[in-house]
$ cat entry.tsv   # TSV, C-alpha atoms
chain	number	residue	atom	x	y	z
A	1	MET	CA	0.00	0.00	0.00
A	2	LYS	CA	1.27	3.49	-0.86
A	3	ASN	CA	2.62	5.38	2.14
A	4	ILE	CA	0.61	8.52	2.41
A	5	ASP	CA	1.35	11.53	4.58
A	6	ILE	CA	-0.99	14.42	4.03
A	7	THR	CA	-0.85	15.66	7.62
A	8	GLY	CA	0.99	18.83	6.60
A	9	PRO	CA	-1.41	20.02	3.86
A	10	VAL	CA	-4.49	19.06	5.91
A	11	MET	CA	-3.31	20.87	9.04
A	12	ASP	CA	-2.23	23.90	6.96
A	13	ASN	CA	-5.76	24.07	5.54
A	14	ILE	CA	-7.30	23.70	8.96
A	15	VAL	CA	-5.04	26.31	10.53
A	16	ARG	CA	-5.88	28.78	7.73
A	17	PHE	CA	-9.59	28.08	8.14
A	18	GLU	CA	-9.53	28.23	11.93
A	19	LYS	CA	-7.45	31.41	11.99
A	20	ARG	CA	-10.01	33.15	9.81
A	21	ARG	CA	-12.97	31.74	11.69
A	22	SER	CA	-11.62	32.52	15.16
A	23	LEU	CA	-10.49	36.03	14.30
A	24	LEU	CA	-13.87	36.75	12.70
A	25	TRP	CA	-15.62	35.52	15.81
A	26	PHE	CA	-13.51	37.71	18.05
A	27	LEU	CA	-14.01	40.68	15.76
A	28	ARG	CA	-17.78	40.18	15.87
A	29	PHE	CA	-17.68	39.93	19.65
A	30	VAL	CA	-15.59	43.08	20.04
A	31	VAL	CA	-17.78	45.01	17.57
A	32	ILE	CA	-20.96	43.99	19.40
A	33	VAL	CA	-19.59	44.85	22.85
A	34	PHE	CA	-18.06	48.16	21.76
A	35	THR	CA	-21.15	49.21	19.82
A	36	LEU	CA	-23.40	48.51	22.78
A	37	PHE	CA	-20.99	50.19	25.19
A	38	PHE	CA	-20.72	53.23	22.95
A	39	LEU	CA	-24.53	53.41	22.73
A	40	ALA	CA	-24.88	53.20	26.51
A	41	VAL	CA	-22.25	55.90	27.03
A	42	LEU	CA	-23.89	58.11	24.39
A	43	LEU	CA	-27.29	57.81	26.07
A	44	LEU	CA	-25.74	58.54	29.47
A	45	TRP	CA	-23.97	61.56	28.00
A	46	ILE	CA	-27.21	62.91	26.50
A	47	ALA	CA	-29.06	62.22	29.75
A	48	PHE	CA	-26.37	64.00	31.74
A	49	GLY	CA	-26.57	66.94	29.34
A	50	GLN	CA	-30.31	67.20	29.94
A	51	ILE	CA	-29.82	66.99	33.70
A	52	MET	CA	-27.33	69.86	33.56
A	53	GLU	CA	-29.63	71.90	31.34
A	54	ARG	CA	-32.57	71.51	33.70
A	55	GLN	CA	-30.29	72.04	36.73
A	56	THR	CA	-31.91	68.97	38.28
A	57	LEU	CA	-28.89	68.40	40.53
A	58	GLU	CA	-29.58	71.73	42.19
A	59	LEU	CA	-32.57	70.08	43.89
A	60	LEU	CA	-30.17	67.95	45.91
A	61	THR	CA	-28.72	71.04	47.62
A	62	LEU	CA	-31.68	70.59	50.01
A	63	PHE	CA	-29.55	68.02	51.82
A	64	LYS	CA	-27.08	70.76	52.80
A	65	GLU	CA	-29.84	72.51	54.79
A	66	ASP	CA	-30.87	72.02	58.41
A	67	ARG	CA	-32.31	68.74	59.56
A	68	GLU	CA	-35.78	70.16	60.07
A	69	ILE	CA	-35.92	71.50	56.52
A	70	ILE	CA	-34.65	68.21	55.12
A	71	ALA	CA	-37.22	66.26	57.16
A	72	GLN	CA	-39.97	68.50	55.83
A	73	PHE	CA	-39.08	68.56	52.15
A	74	TRP	CA	-36.95	65.48	51.32
A	75	GLN	CA	-39.77	63.30	49.98
A	76	ASP	CA	-41.17	65.97	47.65
A	77	THR	CA	-37.66	66.94	46.54
A	78	LEU	CA	-36.72	63.38	45.66
A	79	MET	CA	-40.00	62.88	43.77
A	80	ILE	CA	-39.39	66.00	41.69
A	81	PHE	CA	-35.78	64.96	41.18
A	82	TRP	CA	-36.86	61.56	39.90
A	83	GLU	CA	-39.50	63.04	37.59
A	84	GLU	CA	-37.05	65.56	36.12
A	85	LEU	CA	-34.50	62.86	35.31
A	86	PRO	CA	-34.51	61.62	31.68
A	87	GLN	CA	-35.66	58.24	32.94
A	88	ARG	CA	-36.07	56.49	29.64
A	89	LYS	CA	-32.52	57.22	28.52
A	90	LEU	CA	-31.08	56.23	31.89
A	91	VAL	CA	-33.03	52.99	32.05
A	92	ILE	CA	-32.07	52.06	28.49
A	93	SER	CA	-28.37	52.79	29.05
A	94	VAL	CA	-28.31	50.82	32.31
A	95	GLY	CA	-30.17	48.04	30.50
A	96	ILE	CA	-27.57	48.04	27.73
A	97	LEU	CA	-24.72	47.87	30.24
A	98	ALA	CA	-26.44	44.97	31.98
A	99	GLY	CA	-26.91	43.36	28.58
A	100	ILE	CA	-23.18	43.65	27.89
A	101	ILE	CA	-22.42	41.90	31.17
A	102	ILE	CA	-24.93	39.13	30.45
A	103	PHE	CA	-23.63	38.74	26.87
A	104	SER	CA	-20.07	38.47	28.19
A	105	LEU	CA	-21.11	35.82	30.69
A	106	LEU	CA	-23.07	33.83	28.09
A	107	THR	CA	-20.19	33.88	25.62
A	108	ARG	CA	-17.51	33.13	28.21
A	109	LYS	CA	-17.24	29.43	27.31
A	110	GLN	CA	-17.10	30.13	23.58
A	111	ARG	CA	-14.58	32.92	24.14
A	112	MET	CA	-12.30	30.54	26.01
A	113	ILE	CA	-12.57	27.96	23.22
A	114	VAL	CA	-11.82	30.54	20.52
A	115	TRP	CA	-8.94	31.97	22.55
A	116	LYS	CA	-7.47	28.50	22.99
A	117	ARG	CA	-7.72	27.90	19.23
A	118	ILE	CA	-5.93	31.15	18.48
A	119	ARG	CA	-3.14	30.25	20.92
A	120	GLN	CA	-2.79	26.79	19.36
A	121	ILE	CA	-2.59	28.29	15.88
A	122	ALA	CA	0.10	30.72	17.04
A	123	ARG	CA	1.99	27.81	18.61
A	124	ARG	CA	1.84	25.81	15.40
A	125	GLU	CA	3.02	28.76	13.33
A	126	ARG	CA	5.99	29.20	15.64
A	127	ARG	CA	6.84	25.49	15.32
A	128	PRO	CA	9.82	24.93	12.97
A	129	ARG	CA	8.78	23.00	9.84
A	130	ARG	CA	10.29	19.60	9.25
A	131	THR	CA	12.40	19.51	6.09
A	132	LEU	CA	13.82	16.48	4.32
B	1	MET	CA	4.42	4.78	28.50
B	2	THR	CA	1.88	7.16	27.02
B	3	ILE	CA	-1.68	5.94	26.77
B	4	GLU	CA	-3.18	6.59	23.38
B	5	LYS	CA	-6.31	8.69	23.55
B	6	THR	CA	-9.47	7.32	21.98
B	7	ASP	CA	-11.06	9.03	19.00
B	8	GLU	CA	-13.91	10.22	21.17
B	9	GLU	CA	-11.52	11.78	23.70
B	10	LEU	CA	-9.66	13.57	20.93
B	11	VAL	CA	-12.90	14.82	19.36
B	12	SER	CA	-14.00	16.12	22.74
B	13	GLU	CA	-10.70	17.99	23.14
B	14	ILE	CA	-10.98	19.45	19.64
B	15	GLN	CA	-14.50	20.65	20.43
B	16	LYS	CA	-13.04	22.43	23.46
B	17	GLY	CA	-10.53	24.27	21.27
B	18	ASP	CA	-7.54	21.93	20.96
B	19	VAL	CA	-6.98	22.32	17.20
B	20	LEU	CA	-3.71	20.40	17.21
B	21	ALA	CA	-5.39	17.27	18.56
B	22	PHE	CA	-6.88	16.87	15.10
B	23	GLU	CA	-3.40	16.15	13.81
B	24	ILE	CA	-3.43	12.89	15.78
B	25	LEU	CA	-6.70	11.89	14.11
B	26	VAL	CA	-5.28	12.76	10.69
B	27	LYS	CA	-2.23	10.54	11.28
B	28	ARG	CA	-4.43	7.78	12.65
B	29	TYR	CA	-6.87	7.64	9.74
B	30	GLN	CA	-5.15	8.97	6.64
B	31	ARG	CA	-3.81	5.59	5.52
B	32	ARG	CA	-7.11	3.76	5.99
B	33	LEU	CA	-9.09	6.53	4.35
B	34	PHE	CA	-6.68	6.62	1.44
B	35	SER	CA	-6.98	2.89	0.94
B	36	PHE	CA	-10.76	3.03	1.11
B	37	VAL	CA	-11.02	5.94	-1.33
B	38	LEU	CA	-8.42	4.48	-3.70
B	39	HIS	CA	-10.59	1.41	-4.11
B	40	VAL	CA	-13.37	3.67	-5.29
B	41	LEU	CA	-11.44	6.07	-7.51
B	42	TYR	CA	-8.49	3.96	-8.72
B	43	HIS	CA	-6.46	7.15	-8.98
B	44	VAL	CA	-3.74	8.01	-6.47
B	45	HIS	CA	-3.79	11.80	-6.79
B	46	ALA	CA	-7.57	11.95	-6.83
B	47	ALA	CA	-7.69	9.72	-3.75
B	48	GLU	CA	-5.22	11.98	-1.92
B	49	GLU	CA	-7.30	15.02	-2.83
B	50	VAL	CA	-10.52	13.35	-1.64
B	51	VAL	CA	-8.90	12.26	1.63
B	52	GLN	CA	-7.70	15.82	2.26
B	53	ASP	CA	-11.20	17.15	1.54
B	54	THR	CA	-12.69	14.50	3.81
B	55	LEU	CA	-10.48	15.38	6.76
B	56	PHE	CA	-11.04	19.09	6.26
B	57	ALA	CA	-14.82	18.59	6.05
B	58	ALA	CA	-14.68	16.46	9.22
B	59	TYR	CA	-12.86	19.24	11.06
B	60	LYS	CA	-15.29	21.93	9.91
B	61	THR	CA	-18.23	19.96	11.25
B	62	ILE	CA	-16.52	18.55	14.34
B	63	ASP	CA	-18.61	20.63	16.74
B	64	ARG	CA	-21.66	18.64	15.61
B	65	VAL	CA	-20.05	15.24	16.20
B	66	ASP	CA	-21.67	13.14	18.92
B	67	THR	CA	-18.82	11.81	21.06
B	68	THR	CA	-20.96	8.90	22.25
B	69	LYS	CA	-20.88	7.44	18.73
B	70	LYS	CA	-17.94	6.07	16.74
B	71	PHE	CA	-15.99	8.83	15.04
B	72	SER	CA	-14.59	6.45	12.42
B	73	SER	CA	-18.10	5.75	11.07
B	74	TYR	CA	-18.67	9.47	10.66
B	75	LEU	CA	-15.32	9.92	8.94
B	76	PHE	CA	-15.83	7.05	6.49
B	77	ALA	CA	-19.33	8.29	5.67
B	78	ILE	CA	-17.85	11.68	4.71
B	79	ALA	CA	-15.13	9.92	2.68
B	80	LYS	CA	-17.69	7.86	0.80
B	81	ASN	CA	-19.85	10.89	0.00
B	82	THR	CA	-16.85	13.00	-0.99
B	83	ALA	CA	-15.59	10.25	-3.31
B	84	ILE	CA	-19.01	9.85	-4.92
B	85	SER	CA	-19.30	13.65	-5.38
B	86	TYR	CA	-15.86	13.61	-6.97
B	87	LEU	CA	-16.95	10.91	-9.40
B	88	ARG	CA	-20.14	12.78	-10.25
B	89	ARG	CA	-18.15	15.95	-10.90
B	90	ARG	CA	-15.85	14.03	-13.19
B	91	LYS	CA	-18.91	12.38	-14.78
B	92	GLN	CA	-17.47	8.95	-14.30
B	93	THR	CA	-19.83	6.03	-13.98
B	94	ILE	CA	-19.17	2.69	-12.46
B	95	SER	CA	-21.00	-0.11	-14.11
B	96	PHE	CA	-20.95	-3.82	-13.79
B	97	ALA	CA	-20.02	-4.05	-17.45
B	98	SER	CA	-16.82	-2.05	-16.94
B	99	ILE	CA	-16.09	-4.01	-13.75
B	100	GLU	CA	-16.27	-7.31	-15.59
B	101	GLU	CA	-13.42	-6.12	-17.81
B	102	GLN	CA	-11.14	-5.84	-14.80
B	103	ALA	CA	-9.43	-8.89	-13.41
B	104	HIS	CA	-9.18	-8.00	-9.71
B	105	GLU	CA	-12.01	-9.43	-7.53
B	106	GLU	CA	-11.65	-6.92	-4.67
B	107	GLU	CA	-12.05	-3.97	-7.02
B	108	THR	CA	-15.13	-5.68	-8.47
B	109	LEU	CA	-16.62	-5.98	-5.02
B	110	TYR	CA	-15.91	-2.32	-4.23
B	111	ASP	CA	-17.45	-1.22	-7.49
B	112	SER	CA	-20.45	-3.39	-6.67
B	113	LEU	CA	-20.60	-1.81	-3.23
B	114	ILE	CA	-20.45	1.73	-4.55
B	115	GLU	CA	-22.95	0.99	-7.32
B	116	ALA	CA	-25.38	-0.54	-4.85
B	117	GLU	CA	-24.73	2.24	-2.32
B	118	LYS	CA	-26.03	4.73	-4.86
B	119	GLN	CA	-29.32	2.85	-4.65
B	120	ASP	CA	-29.00	2.68	-0.84
B	121	HIS	CA	-28.92	-1.15	-0.57
B	122	VAL	CA	-25.42	-1.90	0.64
B	123	LYS	CA	-26.07	-1.33	4.32
B	124	GLU	CA	-29.15	-3.46	4.17
B	125	ALA	CA	-27.28	-6.27	2.41
B	126	ILE	CA	-24.40	-6.18	4.90
B	127	SER	CA	-26.83	-6.20	7.81
B	128	GLN	CA	-28.35	-9.41	6.44
B	129	LEU	CA	-25.04	-11.26	6.68
B	130	GLU	CA	-24.27	-13.45	9.66
B	131	ASP	CA	-22.43	-11.63	12.46
B	132	LYS	CA	-19.12	-13.36	11.84
B	133	TYR	CA	-19.20	-12.51	8.10
B	134	ARG	CA	-20.48	-8.97	8.63
B	135	SER	CA	-17.72	-8.08	11.07
B	136	VAL	CA	-14.99	-9.47	8.82
B	137	ILE	CA	-16.32	-7.61	5.75
B	138	THR	CA	-16.51	-4.35	7.72
B	139	LEU	CA	-13.03	-4.73	9.22
B	140	TYR	CA	-11.44	-5.67	5.90
B	141	TYR	CA	-13.11	-3.24	3.50
B	142	PHE	CA	-14.12	-0.27	5.62
B	143	ASP	CA	-11.49	-0.28	8.38
B	144	ASP	CA	-8.85	-1.58	5.98
B	145	LEU	CA	-7.29	-4.09	8.37
B	146	SER	CA	-5.12	-6.92	7.12
B	147	TYR	CA	-5.89	-10.62	7.69
B	148	GLN	CA	-3.41	-10.66	10.57
B	149	GLU	CA	-4.94	-7.61	12.21
B	150	ILE	CA	-8.45	-9.04	11.88
B	151	SER	CA	-7.22	-12.39	13.23
B	152	LYS	CA	-5.80	-10.64	16.29
B	153	LYS	CA	-8.86	-8.47	16.83
B	154	ARG	CA	-11.39	-11.27	16.45
B	155	LYS	CA	-9.15	-13.89	18.07
B	156	LEU	CA	-9.47	-16.22	15.09
B	157	PRO	CA	-6.84	-18.10	13.10
B	158	VAL	CA	-5.79	-16.30	9.93
B	159	ASN	CA	-7.14	-19.08	7.71
B	160	THR	CA	-10.53	-18.81	9.39
B	161	VAL	CA	-10.51	-15.09	8.64
B	162	ARG	CA	-9.73	-15.82	4.98
B	163	THR	CA	-12.56	-18.37	4.82
B	164	HIS	CA	-15.05	-16.04	6.48
B	165	LEU	CA	-14.09	-13.25	4.11
B	166	PHE	CA	-14.41	-15.47	1.07
B	167	ARG	CA	-17.87	-16.65	2.15
B	168	ALA	CA	-18.93	-13.15	3.16
B	169	LYS	CA	-17.96	-11.77	-0.24
B	170	LYS	CA	-19.82	-14.53	-2.02
B	171	GLU	CA	-22.96	-14.01	0.04
B	172	LEU	CA	-22.82	-10.22	-0.24
B	173	LYS	CA	-22.39	-10.34	-3.99
B	174	ALA	CA	-25.38	-12.66	-4.23
B	175	LEU	CA	-27.47	-10.34	-2.05
B	176	LEU	CA	-26.53	-7.28	-4.09
B	177	GLN	CA	-27.17	-9.08	-7.38
B	178	HIS	CA	-30.52	-10.27	-6.05
B	179	GLU	CA	-31.53	-6.72	-4.98
B	180	LYS	CA	-30.41	-5.38	-8.33
B	181	HIS	CA	-32.90	-7.66	-10.07
$ encode --input "entry.tsv" --output "structure tokens"
Amino acid sequence: MKNIDITGPVMDNIVRFEKRRSLLWFLRFVVIVFTLFFLAVLLLWIAFGQIMERQTLELLTLFKEDREIIAQFWQDTLMIFWEELPQRKLVISVGILAGIIIFSLLTRKQRMIVWKRIRQIARRERRPRRTL
Amino acid sequence: MTIEKTDEELVSEIQKGDVLAFEILVKRYQRRLFSFVLHVLYHVHAAEEVVQDTLFAAYKTIDRVDTTKKFSSYLFAIAKNTAISYLRRRKQTISFASIEEQAHEEETLYDSLIEAEKQDHVKEAISQLEDKYRSVITLYYFDDLSYQEISKKRKLPVNTVRTHLFRAKKELKALLQHEKH
């Protein structure tokens, strides 16, 4: 029977394929996480801008006053403060940040597998080739 | 002394990201795959190409492999389909008429197997053989073991293996011929 050794070509093909696949996966992951993070930060930035415009934070200066005044007005002040906040934007941005954390946790196993593959590929590429 | 890992253990490691473990599977199966495919294609370079495609296809789909089942069956199924696709692309046909022109009986049986496989009868025919004949046919033609290797594996004398194989081939050919008509 003919002695066949196609290990080299097969593994070269696989390494090329896996390199592309793994890097694409990581790229997709990074793009998703950064896009969501950027969106969350943008929303927070807009929300903060609105808060500054409305001077909503000024309401909290009540808590620098005397105890009696605070006791009298703190509930109303906090209610007004909450109503003046751009709630929708804040909730969405916090939701997005929570989503990023959940996404990272869900993809943790796959990330480890892909990272291991990339390390293996790098190890194989560093390996000196056998020559006759 | 290092203990050789089973196919299923290696597949499991590959699924967890150990790409280089596939190299062990390649070294383990390339010879047997080549032999199997060569019997179908009768062309060394084509057989090498098909074996490479087979192993690459197996790697690409390795995440779907069920490690509770035999990996070799999966691999040989891919090899068979890849070889048949190759033949279809090259518009080659295997017929009993062309087989009868060739002298070698093993090639005739393989051609018969492939021809019948196209009509999906081979598995059924093999399953109808007695256990002792079925196992010898499978080990000789699909796992590409020699008489000595089969003798060791089945704990039978070599001559008994030869006899079983001879009878198995005869019976299988009769079954396939019968199904053809």
$ interface_residues --input "entry.tsv" --of "chain B" --to "chain A" --cutoff "12 Å" --atoms "all atoms listed in the file" --output "ChimeraX atom specification"
/B:12-36,38-39,43-45,47-63,144-146
$ residues_near_point --input "entry.tsv" --point "(-18.6, 12.7, 18.4)" --cutoff "10 Å" --atoms "all atoms listed in the file" --output "VMD selection string"
chain B and resid 7 to 12 15 62 to 72 74
$ residues_around --input "entry.tsv" --residues "Ser104 (chain A)" --least-positions-apart "6" --cutoff "12 Å" --atoms "all atoms listed in the file" --output "MDAnalysis selection string"
chainID A and resid 29:30 32:34 36 97:98 110:112
$ closest_residue --input "entry.tsv" --among "A:Leu44, A:Thr56, A:Phe81, A:Arg20" --to "Gly95 (chain A)" --atoms "only C-alpha atoms"
A:Leu44
$ residues_around --input "entry.tsv" --residues "Asn159 (chain B)" --least-positions-apart "6" --cutoff "10 Å" --atoms "all atoms listed in the file" --output "list in words"
Tyr147, Gln148, Ser151 and Leu165 of chain B
$ closest_residue --input "entry.tsv" --among "B:Leu41, B:Leu175, B:Val158, B:Leu139" --to "Leu87 (chain B)" --atoms "all atoms listed in the file"
B:Leu41
$ residues_near_point --input "entry.tsv" --point "(-24.9, 54.7, 27.1)" --cutoff "8 Å" --atoms "all atoms listed in the file" --output "ChimeraX atom specification"
/A:36-45,90,92-94,96-97
$ write_last_selection --input "entry.tsv" --atoms "C-alpha atoms" --output "compact mmCIF listing (two decimals), keeping the file's coordinate frame"
# COMPACT_ATOMS: atom_id res chain seq x y z
CA LEU A 36 -23.40 48.51 22.78
CA PHE A 37 -20.99 50.19 25.19
CA PHE A 38 -20.72 53.23 22.95
CA LEU A 39 -24.53 53.41 22.73
CA ALA A 40 -24.88 53.20 26.51
CA VAL A 41 -22.25 55.90 27.03
CA LEU A 42 -23.89 58.11 24.39
CA LEU A 43 -27.29 57.81 26.07
CA LEU A 44 -25.74 58.54 29.47
CA TRP A 45 -23.97 61.56 28.00
CA LEU A 90 -31.08 56.23 31.89
CA ILE A 92 -32.07 52.06 28.49
CA SER A 93 -28.37 52.79 29.05
CA VAL A 94 -28.31 50.82 32.31
CA ILE A 96 -27.57 48.04 27.73
CA LEU A 97 -24.72 47.87 30.24
$ axis_aligned_box --input "entry.tsv" --around "region 89-94 of chain A" --padding-each-side "4 Å" --output "AutoDock Vina command-line options"
--center_x -30.7 --center_y 54.0 --center_z 30.4 --size_x 12.7 --size_y 14.4 --size_z 11.8
$ closest_residue --input "entry.tsv" --among "A:Val91, A:Ile80, A:Leu105, A:Ala122" --to "Gln55 (chain A)" --atoms "all atoms listed in the file"
A:Ile80
$ atom_distance --input "entry.tsv" --atom1 "CA of Ala168 (chain B)" --atom2 "CA of Tyr133 (chain B)"
5.0 Å
$ atom_distance --input "entry.tsv" --atom1 "CA of Pro157 (chain B)" --atom2 "CA of Arg134 (chain B)"
17.0 Å
$ atom_distance --input "entry.tsv" --atom1 "CA of Phe63 (chain A)" --atom2 "CA of Leu78 (chain A)"
10.5 Å
$ build_atoms --input "entry.tsv" --residues "region 65-75 of chain A" --atoms "all heavy atoms" --output "PDB file, in the frame of the given file"
ATOM      1  N   GLU A  65     -29.095  71.645  53.846  1.00  0.00           N
ATOM      2  CA  GLU A  65     -29.840  72.510  54.790  1.00  0.00           C
ATOM      3  C   GLU A  65     -29.944  71.855  56.163  1.00  0.00           C
ATOM      4  O   GLU A  65     -29.410  70.763  56.389  1.00  0.00           O
ATOM      5  CB  GLU A  65     -31.261  72.776  54.243  1.00  0.00           C
ATOM      6  CG  GLU A  65     -31.320  73.398  52.844  1.00  0.00           C
ATOM      7  CD  GLU A  65     -30.757  74.809  52.795  1.00  0.00           C
ATOM      8  OE1 GLU A  65     -30.734  75.503  53.850  1.00  0.00           O
ATOM      9  OE2 GLU A  65     -30.311  75.220  51.719  1.00  0.00           O
ATOM     10  N   ASP A  66     -30.665  72.543  57.045  1.00  0.00           N
ATOM     11  CA  ASP A  66     -30.870  72.020  58.410  1.00  0.00           C
ATOM     12  C   ASP A  66     -31.725  70.770  58.388  1.00  0.00           C
ATOM     13  O   ASP A  66     -32.529  70.566  57.472  1.00  0.00           O
ATOM     14  CB  ASP A  66     -31.571  73.065  59.308  1.00  0.00           C
ATOM     15  CG  ASP A  66     -30.690  74.289  59.483  1.00  0.00           C
ATOM     16  OD1 ASP A  66     -29.459  74.134  59.376  1.00  0.00           O
ATOM     17  OD2 ASP A  66     -31.251  75.381  59.718  1.00  0.00           O
ATOM     18  N   ARG A  67     -31.586  70.020  59.455  1.00  0.00           N
ATOM     19  CA  ARG A  67     -32.310  68.740  59.560  1.00  0.00           C
ATOM     20  C   ARG A  67     -33.811  68.891  59.453  1.00  0.00           C
ATOM     21  O   ARG A  67     -34.486  68.089  58.818  1.00  0.00           O
ATOM     22  CB  ARG A  67     -31.969  68.071  60.883  1.00  0.00           C
ATOM     23  CG  ARG A  67     -30.835  67.117  60.753  1.00  0.00           C
ATOM     24  CD  ARG A  67     -30.747  66.226  61.933  1.00  0.00           C
ATOM     25  NE  ARG A  67     -29.369  65.743  61.986  1.00  0.00           N
ATOM     26  CZ  ARG A  67     -28.830  65.139  63.012  1.00  0.00           C
ATOM     27  NH1 ARG A  67     -29.520  64.979  64.123  1.00  0.00           N
ATOM     28  NH2 ARG A  67     -27.594  64.722  62.971  1.00  0.00           N
ATOM     29  N   GLU A  68     -34.320  69.951  60.071  1.00  0.00           N
ATOM     30  CA  GLU A  68     -35.780  70.160  60.070  1.00  0.00           C
ATOM     31  C   GLU A  68     -36.292  70.394  58.667  1.00  0.00           C
ATOM     32  O   GLU A  68     -37.333  69.874  58.264  1.00  0.00           O
ATOM     33  CB  GLU A  68     -36.172  71.378  60.951  1.00  0.00           C
ATOM     34  CG  GLU A  68     -35.965  71.153  62.444  1.00  0.00           C
ATOM     35  CD  GLU A  68     -34.536  71.465  62.885  1.00  0.00           C
ATOM     36  OE1 GLU A  68     -33.794  72.131  62.137  1.00  0.00           O
ATOM     37  OE2 GLU A  68     -34.167  71.000  63.972  1.00  0.00           O
ATOM     38  N   ILE A  69     -35.509  71.193  57.903  1.00  0.00           N
ATOM     39  CA  ILE A  69     -35.920  71.500  56.520  1.00  0.00           C
ATOM     40  C   ILE A  69     -35.862  70.230  55.678  1.00  0.00           C
ATOM     41  O   ILE A  69     -36.764  69.956  54.881  1.00  0.00           O
ATOM     42  CB  ILE A  69     -35.018  72.622  55.915  1.00  0.00           C
ATOM     43  CG1 ILE A  69     -35.181  73.898  56.738  1.00  0.00           C
ATOM     44  CG2 ILE A  69     -35.353  72.838  54.445  1.00  0.00           C
ATOM     45  CD1 ILE A  69     -34.220  74.997  56.390  1.00  0.00           C
ATOM     46  N   ILE A  70     -34.795  69.468  55.884  1.00  0.00           N
ATOM     47  CA  ILE A  70     -34.650  68.210  55.120  1.00  0.00           C
ATOM     48  C   ILE A  70     -35.825  67.289  55.433  1.00  0.00           C
ATOM     49  O   ILE A  70     -36.466  66.749  54.523  1.00  0.00           O
ATOM     50  CB  ILE A  70     -33.310  67.506  55.451  1.00  0.00           C
ATOM     51  CG1 ILE A  70     -32.112  68.340  54.971  1.00  0.00           C
ATOM     52  CG2 ILE A  70     -33.262  66.121  54.779  1.00  0.00           C
ATOM     53  CD1 ILE A  70     -30.764  67.849  55.444  1.00  0.00           C
ATOM     54  N   ALA A  71     -36.134  67.153  56.733  1.00  0.00           N
ATOM     55  CA  ALA A  71     -37.220  66.260  57.160  1.00  0.00           C
ATOM     56  C   ALA A  71     -38.544  66.665  56.534  1.00  0.00           C
ATOM     57  O   ALA A  71     -39.365  65.823  56.179  1.00  0.00           O
ATOM     58  CB  ALA A  71     -37.320  66.263  58.674  1.00  0.00           C
ATOM     59  N   GLN A  72     -38.702  67.990  56.367  1.00  0.00           N
ATOM     60  CA  GLN A  72     -39.970  68.500  55.830  1.00  0.00           C
ATOM     61  C   GLN A  72     -40.093  68.294  54.317  1.00  0.00           C
ATOM     62  O   GLN A  72     -41.174  67.998  53.802  1.00  0.00           O
ATOM     63  CB  GLN A  72     -40.074  69.990  56.166  1.00  0.00           C
ATOM     64  CG  GLN A  72     -41.504  70.493  56.191  1.00  0.00           C
ATOM     65  CD  GLN A  72     -41.547  71.947  56.642  1.00  0.00           C
ATOM     66  OE1 GLN A  72     -40.572  72.567  57.049  1.00  0.00           O
ATOM     67  NE2 GLN A  72     -42.727  72.509  56.540  1.00  0.00           N
ATOM     68  N   PHE A  73     -38.968  68.480  53.627  1.00  0.00           N
ATOM     69  CA  PHE A  73     -39.080  68.560  52.150  1.00  0.00           C
ATOM     70  C   PHE A  73     -38.438  67.408  51.372  1.00  0.00           C
ATOM     71  O   PHE A  73     -38.535  67.352  50.149  1.00  0.00           O
ATOM     72  CB  PHE A  73     -38.447  69.872  51.662  1.00  0.00           C
ATOM     73  CG  PHE A  73     -39.189  71.092  52.112  1.00  0.00           C
ATOM     74  CD1 PHE A  73     -38.651  71.915  53.101  1.00  0.00           C
ATOM     75  CD2 PHE A  73     -40.428  71.407  51.580  1.00  0.00           C
ATOM     76  CE1 PHE A  73     -39.345  73.056  53.513  1.00  0.00           C
ATOM     77  CE2 PHE A  73     -41.111  72.522  52.003  1.00  0.00           C
ATOM     78  CZ  PHE A  73     -40.581  73.357  52.962  1.00  0.00           C
ATOM     79  N   TRP A  74     -37.767  66.444  52.065  1.00  0.00           N
ATOM     80  CA  TRP A  74     -36.950  65.480  51.320  1.00  0.00           C
ATOM     81  C   TRP A  74     -37.769  64.587  50.396  1.00  0.00           C
ATOM     82  O   TRP A  74     -37.345  64.304  49.274  1.00  0.00           O
ATOM     83  CB  TRP A  74     -36.080  64.625  52.253  1.00  0.00           C
ATOM     84  CG  TRP A  74     -36.800  63.581  53.053  1.00  0.00           C
ATOM     85  CD1 TRP A  74     -37.370  63.755  54.280  1.00  0.00           C
ATOM     86  CD2 TRP A  74     -37.042  62.234  52.685  1.00  0.00           C
ATOM     87  NE1 TRP A  74     -37.937  62.594  54.720  1.00  0.00           N
ATOM     88  CE2 TRP A  74     -37.734  61.616  53.730  1.00  0.00           C
ATOM     89  CE3 TRP A  74     -36.712  61.455  51.559  1.00  0.00           C
ATOM     90  CZ2 TRP A  74     -38.132  60.309  53.705  1.00  0.00           C
ATOM     91  CZ3 TRP A  74     -37.124  60.119  51.545  1.00  0.00           C
ATOM     92  CH2 TRP A  74     -37.833  59.554  52.624  1.00  0.00           C
ATOM     93  N   GLN A  75     -38.979  64.199  50.834  1.00  0.00           N
ATOM     94  CA  GLN A  75     -39.770  63.300  49.980  1.00  0.00           C
ATOM     95  C   GLN A  75     -40.195  63.994  48.676  1.00  0.00           C
ATOM     96  O   GLN A  75     -40.058  63.444  47.594  1.00  0.00           O
ATOM     97  CB  GLN A  75     -40.994  62.813  50.744  1.00  0.00           C
ATOM     98  CG  GLN A  75     -40.637  61.734  51.750  1.00  0.00           C
ATOM     99  CD  GLN A  75     -41.846  61.252  52.534  1.00  0.00           C
ATOM    100  OE1 GLN A  75     -42.922  61.852  52.496  1.00  0.00           O
ATOM    101  NE2 GLN A  75     -41.671  60.183  53.274  1.00  0.00           N
TER     102      GLN A  75
END
